[in-house]
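Working notes, beginning with the structure itself.
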Amino acid sequence: MKPNELRDMSVENLESRLTELTEERFRLRFRSATESIENPMRFRAIRRDIARIRTILKEKSGVESQESGSPAS
């Protein structure tokens, strides 16, 4: 997914997508141990999507804490 698409999603949607990708990564890793994988580049795509989602979740939590926190000056 593109980062702009992820930024438009709500936190709940991002967290559910993160859970889905984590489970998919586990299943794919488990399958690769027992059989040949038809698309080994999927590992990289899943890993990068997970990193993108985690980054955007941190960005959103940082923005929320700045908005609710006291001003710096």
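Labeling convention for the structure tokens: chains A, B, ... as they appear, residues from 1 per chain, ligands from 1 in order of appearance.
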
Exercise. Counting only C-alpha atoms, what is within 12 Å of A:Arg27, bar same-chain residues fewer than 5 positions away, as a ChimeraX atom specification?
Worked result: /A:20-22,32-35,37,42-43,46

Can I get the selection written as an mmCIF file, in the first residue's frame, with N, CA, C and O atoms?
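Printed below is out39.cif as written:
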```cif
data_model
loop_
_atom_site.group_PDB
_atom_site.id
_atom_site.type_symbol
_atom_site.label_atom_id
_atom_site.label_comp_id
_atom_site.auth_asym_id
_atom_site.auth_seq_id
_atom_site.Cartn_x
_atom_site.Cartn_y
_atom_site.Cartn_z
ATOM 1 N N GLU A 20 -3.774 -8.248 10.338
ATOM 2 C CA GLU A 20 -3.896 -9.121 9.169
ATOM 3 C C GLU A 20 -2.536 -9.421 8.555
ATOM 4 O O GLU A 20 -2.230 -10.571 8.221
ATOM 5 N N LEU A 21 -1.724 -8.380 8.385
ATOM 6 C CA LEU A 21 -0.411 -8.572 7.767
ATOM 7 C C LEU A 21 0.509 -9.407 8.652
ATOM 8 O O LEU A 21 1.276 -10.231 8.146
ATOM 9 N N THR A 22 0.425 -9.219 9.954
ATOM 10 C CA THR A 22 1.252 -10.003 10.866
ATOM 11 C C THR A 22 0.880 -11.477 10.783
ATOM 12 O O THR A 22 1.759 -12.347 10.742
ATOM 13 N N SER A 32 6.686 -21.536 4.148
ATOM 14 C CA SER A 32 7.988 -21.603 3.484
ATOM 15 C C SER A 32 8.882 -22.659 4.121
ATOM 16 O O SER A 32 9.778 -23.193 3.464
ATOM 17 N N ALA A 33 8.641 -22.970 5.379
ATOM 18 C CA ALA A 33 9.425 -23.993 6.049
ATOM 19 C C ALA A 33 9.013 -25.388 5.599
ATOM 20 O O ALA A 33 9.822 -26.317 5.656
ATOM 21 N N THR A 34 7.778 -25.536 5.150
ATOM 22 C CA THR A 34 7.287 -26.862 4.784
ATOM 23 C C THR A 34 7.203 -27.098 3.282
ATOM 24 O O THR A 34 7.206 -28.239 2.846
ATOM 25 N N GLU A 35 7.119 -26.022 2.505
ATOM 26 C CA GLU A 35 6.990 -26.183 1.055
ATOM 27 C C GLU A 35 7.602 -24.993 0.343
ATOM 28 O O GLU A 35 7.977 -24.006 0.958
ATOM 29 N N ILE A 37 7.636 -21.659 -1.818
ATOM 30 C CA ILE A 37 6.756 -20.498 -1.939
ATOM 31 C C ILE A 37 6.786 -20.009 -3.379
ATOM 32 O O ILE A 37 7.851 -19.858 -3.976
ATOM 33 N N ARG A 42 7.017 -11.713 -1.663
ATOM 34 C CA ARG A 42 5.895 -11.315 -0.806
ATOM 35 C C ARG A 42 6.364 -11.062 0.623
ATOM 36 O O ARG A 42 5.810 -10.219 1.318
ATOM 37 N N PHE A 43 7.419 -11.802 1.053
ATOM 38 C CA PHE A 43 7.990 -11.563 2.377
ATOM 39 C C PHE A 43 8.403 -10.106 2.519
ATOM 40 O O PHE A 43 8.090 -9.452 3.514
ATOM 41 N N ILE A 46 5.327 -7.668 2.587
ATOM 42 C CA ILE A 46 4.601 -7.707 3.863
ATOM 43 C C ILE A 46 5.401 -6.987 4.937
ATOM 44 O O ILE A 46 4.856 -6.190 5.698
#
```

Exercise. A:Asn13: which residues within 12 Å, counting only C-alpha atoms, same-chain residues fewer than 6 positions away excluded, as a PyMOL selection string?
Worked result: chain A and resi 5-7+19-20+53+56-57

For this session: Mind the document's chain letters and residue numbers, and return as a ChimeraX atom specification the residues of chain A that DSSP labels helix (DSSP H, G or I).
Result: /A:3-8,11-34,41-68

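Going from atom CA of A:Glu67 to atom CA of A:Leu18 covers 24.8 Å.
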
For this session: For A:Pro3, list every protein, DNA or RNA residue within 12 Å, evaluated using only C-alpha atoms, and leave out those in the same chain fewer than 6 positions away; present the list as a PyMOL selection string.
Result: chain A and resi 9+14+48-57+59

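The two atoms in question, atom CA of A:Glu24 and atom CA of A:Lys60, are spaced 24.3 Å apart.
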
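In this structure, atom CA of A:Lys58 sits 13.3 Å away from atom CA of A:Glu12.
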
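The closest residue to A:Glu23, picked from A:Ser68, A:Met1, A:Arg47, A:Ser61 and counting only C-alpha atoms, is A:Arg47.
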